[in-house]
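Peer 1: To be precise about what I am sending: the file is called run21.pdb and holds PDB, C-alpha atoms.
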ATOM      1  CA  MET H   1      24.074   4.027 -10.847
ATOM      2  CA  ASN H   2      23.062   0.454 -11.514
ATOM      3  CA  LYS H   3      19.706  -0.659 -12.936
ATOM      4  CA  VAL H   4      18.309  -1.741  -9.551
ATOM      5  CA  THR H   5      19.061   1.626  -7.959
ATOM      6  CA  GLU H   6      17.745   3.436 -11.024
ATOM      7  CA  LYS H   7      14.465   1.473 -10.799
ATOM      8  CA  LEU H   8      14.146   2.123  -7.064
ATOM      9  CA  ILE H   9      14.572   5.853  -7.613
ATOM     10  CA  ALA H  10      12.083   5.908 -10.489
ATOM     11  CA  ASP H  11       9.565   4.018  -8.354
ATOM     12  CA  ALA H  12      10.172   6.327  -5.379
ATOM     13  CA  VAL H  13       9.598   9.406  -7.525
ATOM     14  CA  GLN H  14       6.399   7.935  -8.955
ATOM     15  CA  HIS H  15       5.113   6.822  -5.539
ATOM     16  CA  ARG H  16       5.807  10.235  -4.056
ATOM     17  CA  ARG H  17       3.800  11.858  -6.852
ATOM     18  CA  GLN H  18       0.987   9.366  -6.228
ATOM     19  CA  ARG H  19       1.164  10.158  -2.494
ATOM     20  CA  LYS H  20       2.167   6.562  -1.689
ATOM     21  CA  LEU H  21       4.664   8.040   0.704
ATOM     22  CA  ALA H  22       5.445   4.988   2.836
ATOM     23  CA  ASP H  23       6.398   3.077  -0.322
ATOM     24  CA  ALA H  24       8.513   6.010  -1.503
ATOM     25  CA  VAL H  25      10.415   6.201   1.804
ATOM     26  CA  CYS H  26      11.240   2.488   1.591
ATOM     27  CA  GLU H  27      12.430   2.800  -1.998
ATOM     28  CA  TRP H  28      14.512   5.909  -1.323
ATOM     29  CA  THR H  29      16.045   4.202   1.719
ATOM     30  CA  GLU H  30      16.916   1.074  -0.253
ATOM     31  CA  ALA H  31      18.378   3.207  -3.057
ATOM     32  CA  ALA H  32      20.494   5.048  -0.482
ATOM     33  CA  GLU H  33      21.831   1.802   0.944
ATOM     34  CA  LEU H  34      22.697   0.413  -2.491
ATOM     35  CA  SER H  35      24.377   3.685  -3.451
ATOM     36  CA  ARG H  36      26.362   3.638  -0.204
ATOM     37  CA  GLN H  37      27.518   0.058  -0.915
ATOM     38  CA  GLN H  38      28.558   1.057  -4.437
ATOM     39  CA  ASN H  39      30.235   4.259  -3.240
ATOM     40  CA  ASP H  40      28.050   6.187  -5.683
ATOM     41  CA  VAL H  41      28.053   9.512  -3.844
ATOM     42  CA  PRO H  42      25.916  11.582  -6.263
ATOM     43  CA  THR H  43      23.174   8.950  -6.233
ATOM     44  CA  LEU H  44      23.498   8.563  -2.458
ATOM     45  CA  ILE H  45      22.955  12.316  -2.054
ATOM     46  CA  ARG H  46      19.898  12.151  -4.303
ATOM     47  CA  ALA H  47      18.475   9.187  -2.388
ATOM     48  CA  LEU H  48      19.112  10.767   1.021
ATOM     49  CA  ARG H  49      17.394  13.933  -0.123
ATOM     50  CA  GLY H  50      14.518  11.806  -1.399
ATOM     51  CA  VAL H  51      14.158  10.088   1.964
ATOM     52  CA  ALA H  52      14.228  13.439   3.765
ATOM     53  CA  GLU H  53      11.782  15.163   1.411
ATOM     54  CA  THR H  54       9.328  12.294   1.665
ATOM     55  CA  GLU H  55       9.623  12.200   5.451
ATOM     56  CA  ARG H  56       8.762  15.903   5.414
ATOM     57  CA  ASP H  57       5.754  15.141   3.201
ATOM     58  CA  LEU H  58       4.657  12.772   5.955
ATOM     59  CA  GLY H  59       5.108  15.533   8.539
ATOM     60  CA  ARG H  60       8.018  13.684  10.131
ATOM     61  CA  ASN H  61      10.663  16.379  10.412
ATOM     62  CA  CYS H  62      12.554  14.432  13.081
ATOM     63  CA  GLN H  63      13.055  11.559  10.622
ATOM     64  CA  ALA H  64      14.080  13.990   7.867
ATOM     65  CA  LEU H  65      16.887  15.512   9.919
ATOM     66  CA  ALA H  66      19.512  12.729   9.734
ATOM     67  CA  PRO H  67      19.232  12.118   5.961
ATOM     68  CA  TYR H  68      19.538  15.852   5.270
ATOM     69  CA  GLU H  69      22.525  16.147   7.621
ATOM     70  CA  GLU H  70      24.278  13.256   5.887
ATOM     71  CA  ALA H  71      23.439  14.668   2.460
ATOM     72  CA  VAL H  72      24.904  18.049   3.456
ATOM     73  CA  LEU H  73      28.128  16.398   4.635
ATOM     74  CA  LEU H  74      28.403  14.550   1.338
ATOM     75  CA  CYS H  75      27.558  17.674  -0.685
ATOM     76  CA  ARG H  76      30.449  19.486   0.982
ATOM     77  CA  LYS H  77      32.816  16.905  -0.561
ATOM     78  CA  GLN H  78      31.352  17.358  -4.052
ATOM     79  CA  ASN H  79      32.082  20.233  -6.380
ATOM     80  CA  ASP H  80      28.480  21.423  -6.660
ATOM     81  CA  ALA H  81      27.875  24.579  -4.654
ATOM     82  CA  LEU H  82      24.264  24.961  -5.777
ATOM     83  CA  LEU H  83      23.380  21.419  -4.735
ATOM     84  CA  LEU H  84      24.933  22.175  -1.346
ATOM     85  CA  ALA H  85      22.970  25.430  -1.072
ATOM     86  CA  HIS H  86      19.699  23.736  -1.927
ATOM     87  CA  THR H  87      20.291  20.849   0.465
ATOM     88  CA  VAL H  88      21.468  23.029   3.349
ATOM     89  CA  ARG H  89      18.428  25.289   2.895
ATOM     90  CA  HIS H  90      16.126  22.308   3.277
ATOM     91  CA  LEU H  91      18.081  21.218   6.344
ATOM     92  CA  GLY H  92      17.452  24.724   7.672
ATOM     93  CA  ASP H  93      13.721  24.289   7.055
ATOM     94  CA  VAL H  94      13.684  21.063   9.047
ATOM     95  CA  ARG H  95      15.649  22.632  11.873
ATOM     96  CA  ARG H  96      13.287  25.627  11.904
ATOM     97  CA  HIS H  97      10.258  23.363  12.128
ATOM     98  CA  LEU H  98      11.919  21.473  14.981
ATOM     99  CA  GLY H  99      12.596  24.723  16.852
ATOM    100  CA  GLN H 100      16.359  24.529  16.327
ATOM    101  CA  HIS H 101      16.581  28.220  15.475
ATOM    102  CA  GLU H 102      20.360  28.690  15.687
ATOM    103  CA  GLY H 103      20.957  25.664  13.473
ATOM    104  CA  ALA H 104      18.354  26.872  11.006
ATOM    105  CA  GLN H 105      19.894  30.336  10.924
ATOM    106  CA  SER H 106      23.352  29.003  10.096
ATOM    107  CA  CYS H 107      21.873  26.878   7.308
ATOM    108  CA  TYR H 108      20.014  29.814   5.796
ATOM    109  CA  GLU H 109      23.060  32.067   6.049
ATOM    110  CA  GLU H 110      25.180  29.488   4.235
ATOM    111  CA  ALA H 111      22.574  28.933   1.525
ATOM    112  CA  LEU H 112      22.133  32.676   0.947
ATOM    113  CA  ASP H 113      25.888  33.171   0.796
ATOM    114  CA  ILE H 114      26.201  30.498  -1.893
ATOM    115  CA  TYR H 115      23.214  31.721  -3.918
ATOM    116  CA  ARG H 116      24.554  35.295  -3.856
ATOM    117  CA  ARG H 117      28.070  34.187  -4.767
ATOM    118  CA  GLU H 118      27.293  31.739  -7.575
ATOM    119  CA  SER H 119      26.647  33.409 -10.921
ATOM    120  CA  GLU H 120      24.608  30.412 -12.115
ATOM    121  CA  ALA H 121      22.223  30.545  -9.159
ATOM    122  CA  ASN H 122      18.559  30.712 -10.047
ATOM    123  CA  PRO H 123      16.928  33.872  -8.618
ATOM    124  CA  LEU H 124      13.954  31.725  -7.600
ATOM    125  CA  ASP H 125      16.251  29.628  -5.392
ATOM    126  CA  LEU H 126      17.500  32.814  -3.755
ATOM    127  CA  ALA H 127      13.931  34.029  -3.176
ATOM    128  CA  ASN H 128      12.967  30.633  -1.792
ATOM    129  CA  ALA H 129      15.892  30.817   0.655
ATOM    130  CA  LEU H 130      15.014  34.350   1.747
ATOM    131  CA  ARG H 131      11.428  33.347   2.513
ATOM    132  CA  PRO H 132      12.089  30.837   5.336
ATOM    133  CA  PHE H 133      14.859  33.028   6.745
ATOM    134  CA  ALA H 134      12.344  35.896   6.941
ATOM    135  CA  ILE H 135       9.920  33.578   8.741
ATOM    136  CA  LEU H 136      12.677  32.559  11.165
ATOM    137  CA  ARG H 137      13.689  36.168  11.785
ATOM    138  CA  GLU H 138      10.105  37.090  12.571
ATOM    139  CA  LYS H 139       9.706  34.087  14.859
ATOM    140  CA  THR H 140      12.846  35.037  16.809
ATOM    141  CA  GLY H 141      11.787  38.672  17.185
ATOM    142  CA  ASP H 142      14.106  40.228  14.579
ATOM    143  CA  PHE H 143      11.360  42.147  12.802
ATOM    144  CA  ASP H 144      13.744  44.473  10.941
ATOM    145  CA  GLY H 145      15.617  41.476   9.566
ATOM    146  CA  ALA H 146      12.350  39.792   8.631
ATOM    147  CA  ARG H 147      11.161  42.880   6.752
ATOM    148  CA  ALA H 148      14.459  43.167   4.862
ATOM    149  CA  PHE H 149      14.317  39.523   3.740
ATOM    150  CA  TRP H 150      10.630  39.751   2.806
ATOM    151  CA  ARG H 151      11.295  42.893   0.744
ATOM    152  CA  GLU H 152      14.136  41.231  -1.132
ATOM    153  CA  ALA H 153      12.119  38.055  -1.673
ATOM    154  CA  ARG H 154       9.112  40.050  -2.925
ATOM    155  CA  LYS H 155      11.301  41.943  -5.400
ATOM    156  CA  LEU H 156      12.686  38.677  -6.750
ATOM    157  CA  TYR H 157       9.245  37.050  -6.931
ATOM    158  CA  GLU H 158       7.949  40.143  -8.775
ATOM    159  CA  SER H 159      10.801  39.985 -11.296
ATOM    160  CA  LEU H 160      10.048  36.307 -11.897
ATOM    161  CA  GLY H 161       6.273  36.719 -12.121
ATOM    162  CA  ILE H 162       5.628  34.420  -9.141
ATOM    163  CA  ASP H 163       2.328  35.891  -7.969
ATOM    164  CA  ALA H 164       1.947  33.567  -4.965
ATOM    165  CA  GLY H 165       5.381  34.604  -3.688
ATOM    166  CA  VAL H 166       4.604  38.293  -4.186
ATOM    167  CA  ALA H 167       1.307  37.898  -2.344
ATOM    168  CA  GLU H 168       2.865  36.018   0.573
ATOM    169  CA  ALA H 169       5.701  38.521   0.938
ATOM    170  CA  SER H 170       3.304  41.473   0.681
ATOM    171  CA  GLN H 171       1.017  39.974   3.313
ATOM    172  CA  ALA H 172       3.966  39.307   5.659
ATOM    173  CA  LEU H 173       5.234  42.853   5.183
ATOM    174  CA  ALA H 174       1.772  44.285   5.894
ATOM    175  CA  GLN H 175       1.578  42.275   9.113
ATOM    176  CA  LEU H 176       5.068  43.486  10.060
ATOM    177  CA  GLY H 177       4.156  47.071   9.294
ATOM    178  CA  GLY H 178       6.625  47.447   6.536
TER     179      GLY H 178
END
Before we go any further, please render this structure as structure tokens.
Peer 2:
Amino acid sequence: MNKVTEKLIADAVQHRRQRKLADAVCEWTEAAELSRQQNDVPTLIRALRGVAETERDLGRNCQALAPYEEAVLLCRKQNDALLLAHTVRHLGDVRRHLGQHEGAQSCYEEALDIYRRESEANPLDLANALRPFAILREKTGDFDGARAFWREARKLYESLGIDAGVAEASQALAQLGG
């Protein structure tokens, strides 16, 4: 990563924290283009994810879709399964919000498969992948599947001391009667 790209990313991160989201999108986009020109794939993935995450912050899931899809394609060529899992999960979130339920389901299935397979996976990442899949299952009428994912997520959140996750899962299970 060159100094210009490094500065753009630092500025984008700072602007996102400051909620100067339009500035952050521009900086992430410019960083992505520079990374693409330099064939710096790891930085390109980071910048694409930054664009997509900031577009989501702006409530623009349609604009987040293409950067996440490109980032997933690039992640598949890297040797970083956990980065792929994390990125594909977020792609699933965007697809779920856009009503693309089959696409979201395949993303969540892939992410869960990786998180369960990788010994270095963070249990919080697994719980955070179970959560949206439970929401999707409920939305598509698979209440048994939703309950199973909520139960597993709640157990993980409990083991990690994530009270907000435990509360959300417990509330969802109560509403689902399970």
Peer 1: Write out as an mmCIF file with C-alpha atoms, in the coordinates of the input the residues lying within 12 Å of segment 51-54 of chain H, counting all atoms listed in the file and excluding same-chain residues fewer than 6 positions away.
Peer 2:
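Result file is part14.cif:
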data_model
loop_
_atom_site.group_PDB
_atom_site.id
_atom_site.type_symbol
_atom_site.label_atom_id
_atom_site.label_comp_id
_atom_site.auth_asym_id
_atom_site.auth_seq_id
_atom_site.Cartn_x
_atom_site.Cartn_y
_atom_site.Cartn_z
ATOM 1 C CA ILE H 9 14.572 5.853 -7.613
ATOM 2 C CA ALA H 12 10.172 6.327 -5.379
ATOM 3 C CA VAL H 13 9.598 9.406 -7.525
ATOM 4 C CA GLN H 14 6.399 7.935 -8.955
ATOM 5 C CA HIS H 15 5.113 6.822 -5.539
ATOM 6 C CA ARG H 16 5.807 10.235 -4.056
ATOM 7 C CA ARG H 17 3.800 11.858 -6.852
ATOM 8 C CA GLN H 18 0.987 9.366 -6.228
ATOM 9 C CA ARG H 19 1.164 10.158 -2.494
ATOM 10 C CA LYS H 20 2.167 6.562 -1.689
ATOM 11 C CA LEU H 21 4.664 8.040 0.704
ATOM 12 C CA ALA H 22 5.445 4.988 2.836
ATOM 13 C CA ASP H 23 6.398 3.077 -0.322
ATOM 14 C CA ALA H 24 8.513 6.010 -1.503
ATOM 15 C CA VAL H 25 10.415 6.201 1.804
ATOM 16 C CA CYS H 26 11.240 2.488 1.591
ATOM 17 C CA GLU H 27 12.430 2.800 -1.998
ATOM 18 C CA TRP H 28 14.512 5.909 -1.323
ATOM 19 C CA THR H 29 16.045 4.202 1.719
ATOM 20 C CA GLU H 30 16.916 1.074 -0.253
ATOM 21 C CA ALA H 31 18.378 3.207 -3.057
ATOM 22 C CA ALA H 32 20.494 5.048 -0.482
ATOM 23 C CA GLU H 33 21.831 1.802 0.944
ATOM 24 C CA LEU H 44 23.498 8.563 -2.458
ATOM 25 C CA ILE H 45 22.955 12.316 -2.054
ATOM 26 C CA ARG H 60 8.018 13.684 10.131
ATOM 27 C CA ASN H 61 10.663 16.379 10.412
ATOM 28 C CA CYS H 62 12.554 14.432 13.081
ATOM 29 C CA GLN H 63 13.055 11.559 10.622
ATOM 30 C CA ALA H 64 14.080 13.990 7.867
ATOM 31 C CA LEU H 65 16.887 15.512 9.919
ATOM 32 C CA ALA H 66 19.512 12.729 9.734
ATOM 33 C CA PRO H 67 19.232 12.118 5.961
ATOM 34 C CA TYR H 68 19.538 15.852 5.270
ATOM 35 C CA GLU H 69 22.525 16.147 7.621
ATOM 36 C CA GLU H 70 24.278 13.256 5.887
ATOM 37 C CA ALA H 71 23.439 14.668 2.460
ATOM 38 C CA VAL H 72 24.904 18.049 3.456
ATOM 39 C CA THR H 87 20.291 20.849 0.465
ATOM 40 C CA HIS H 90 16.126 22.308 3.277
ATOM 41 C CA LEU H 91 18.081 21.218 6.344
ATOM 42 C CA ASP H 93 13.721 24.289 7.055
ATOM 43 C CA VAL H 94 13.684 21.063 9.047
#
Peer 1: Pull out every residue that the PyMOL selection byres ((chain H and resi 42) around 12) matches in the shown coordinates and put them as number ranges by chain.
Peer 2: H: 1, 31-32, 35-36, 38-41, 43-49, 71-72, 74-80, 83-84
Peer 1: Which residue, H:Lys155, H:His97, H:Lys139, H:His86, has the smallest gap to Tyr115 of chain H when you use all atoms listed in the file?
Peer 2: H:His86
Peer 1: Between atom CA of Leu160 of chain H and atom CA of Ala121 of chain H, what distance in Å does the model show, to one decimal?
Peer 2: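 These two atoms are separated by 13.7 Å.
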Peer 1: Go ahead and compute the interatomic distance for atom CA of Leu173 of chain H and atom CA of Arg117 of chain H, in Å to one decimal.
Peer 2: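 Calculated distance between atom CA of Leu173 of chain H and atom CA of Arg117 of chain H is 26.4 Å.
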Peer 1: Using all atoms listed in the file for the distances, tell me which of H:Asn2, H:Ser159, H:Gln175, H:Ser119 is nearest to Ala81 of chain H.
Peer 2: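 Smallest distance to Ala81 of chain H is found for H:Ser119.
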Peer 1: Calculate how many Å separate atom CA of Val166 of chain H from atom CA of His101 of chain H, rounding to one decimal.
Peer 2: 25.1 Å
Peer 1: Would you pick out the contacts of Gln105 of chain H at 10 Å or less, using all atoms listed in the file, so that residues sharing its chain but fewer than 3 positions from it are not included, and give the list as a VMD selection string?
Peer 2: chain H and resid 89 92 to 93 95 to 96 100 to 102 108 to 111 132 to 133 136 to 137
Peer 1: Name every residue that the PyMOL selection byres ((chain H and resi 126) around 9) selects in this structure, writing the answer as a list in words with chains first and numbers rising.
Peer 2: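 Against this file, the PyMOL selection byres ((chain H and resi 126) around 9) returns the residues Ala111, Leu112, Tyr115, Arg116, Ala121, Asn122, Pro123, Leu124, Asp125, Ala127, Asn128, Ala129, Leu130, Arg131, Ala153 and Leu156 of chain H.
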Peer 1: Could you work out an axis-aligned bounding box for all listed atoms of segment 92-105 of chain H, with 3 Å added on each of the six sides, and give its centre and edge lengths in Å to one decimal, as JSON?
Peer 2:
{"center_x": 15.6, "center_y": 25.7, "center_z": 12.0, "size_x": 16.7, "size_y": 15.3, "size_z": 15.8}
Peer 1: From the list H:Leu58, H:Ala134, H:Leu98, H:Ala85, which residue is nearest Asp113 of chain H when using all atoms listed in the file?
Peer 2: H:Ala85
Peer 1: Start from the incomplete input, build N, CA and C atoms for segment 83-108 of chain H, and deliver everything as a short mmCIF file (atom, residue, chain, number, x, y, z; two decimals), in the coordinates of the input.
Peer 2:
data_model
loop_
_atom_site.label_atom_id
_atom_site.label_comp_id
_atom_site.auth_asym_id
_atom_site.auth_seq_id
_atom_site.Cartn_x
_atom_site.Cartn_y
_atom_site.Cartn_z
N LEU H 83 24.00 22.58 -5.39
CA LEU H 83 23.38 21.42 -4.74
C LEU H 83 23.54 21.53 -3.22
N LEU H 84 24.71 21.96 -2.77
CA LEU H 84 24.93 22.18 -1.35
C LEU H 84 23.97 23.23 -0.82
N ALA H 85 23.85 24.35 -1.52
CA ALA H 85 22.97 25.43 -1.07
C ALA H 85 21.53 24.94 -0.94
N HIS H 86 21.08 24.22 -1.94
CA HIS H 86 19.70 23.74 -1.93
C HIS H 86 19.48 22.75 -0.77
N THR H 87 20.43 21.87 -0.57
CA THR H 87 20.29 20.85 0.46
C THR H 87 20.39 21.47 1.85
N VAL H 88 21.32 22.40 2.04
CA VAL H 88 21.47 23.03 3.35
C VAL H 88 20.26 23.92 3.67
N ARG H 89 19.66 24.51 2.66
CA ARG H 89 18.43 25.29 2.90
C ARG H 89 17.32 24.39 3.42
N HIS H 90 17.17 23.23 2.81
CA HIS H 90 16.13 22.31 3.28
C HIS H 90 16.44 21.78 4.68
N LEU H 91 17.70 21.58 4.98
CA LEU H 91 18.08 21.22 6.34
C LEU H 91 17.68 22.34 7.30
N GLY H 92 17.88 23.58 6.88
CA GLY H 92 17.45 24.72 7.67
C GLY H 92 15.95 24.71 7.92
N ASP H 93 15.18 24.36 6.89
CA ASP H 93 13.72 24.29 7.06
C ASP H 93 13.34 23.26 8.12
N VAL H 94 13.98 22.11 8.06
CA VAL H 94 13.68 21.06 9.05
C VAL H 94 14.06 21.55 10.45
N ARG H 95 15.23 22.13 10.56
CA ARG H 95 15.65 22.63 11.87
C ARG H 95 14.70 23.72 12.39
N ARG H 96 14.24 24.57 11.50
CA ARG H 96 13.29 25.63 11.90
C ARG H 96 12.00 25.00 12.42
N HIS H 97 11.50 24.02 11.70
CA HIS H 97 10.26 23.36 12.13
C HIS H 97 10.43 22.62 13.45
N LEU H 98 11.64 22.18 13.72
CA LEU H 98 11.92 21.47 14.98
C LEU H 98 12.27 22.43 16.12
N GLY H 99 12.29 23.74 15.82
CA GLY H 99 12.60 24.72 16.85
C GLY H 99 14.08 24.90 17.10
N GLN H 100 14.90 24.40 16.22
CA GLN H 100 16.36 24.53 16.33
C GLN H 100 16.78 25.80 15.58
N HIS H 101 16.46 26.95 16.17
CA HIS H 101 16.58 28.22 15.48
C HIS H 101 18.02 28.58 15.12
N GLU H 102 18.96 28.35 16.01
CA GLU H 102 20.36 28.69 15.69
C GLU H 102 20.87 27.84 14.53
N GLY H 103 20.55 26.54 14.57
CA GLY H 103 20.96 25.66 13.47
C GLY H 103 20.32 26.06 12.16
N ALA H 104 19.04 26.43 12.22
CA ALA H 104 18.35 26.87 11.01
C ALA H 104 18.99 28.14 10.47
N GLN H 105 19.29 29.08 11.36
CA GLN H 105 19.89 30.34 10.92
C GLN H 105 21.21 30.10 10.20
N SER H 106 22.06 29.24 10.75
CA SER H 106 23.35 29.00 10.10
C SER H 106 23.16 28.35 8.73
N CYS H 107 22.16 27.49 8.61
CA CYS H 107 21.87 26.88 7.31
C CYS H 107 21.43 27.93 6.30
N TYR H 108 20.50 28.79 6.71
CA TYR H 108 20.01 29.81 5.80
C TYR H 108 21.12 30.79 5.41
#
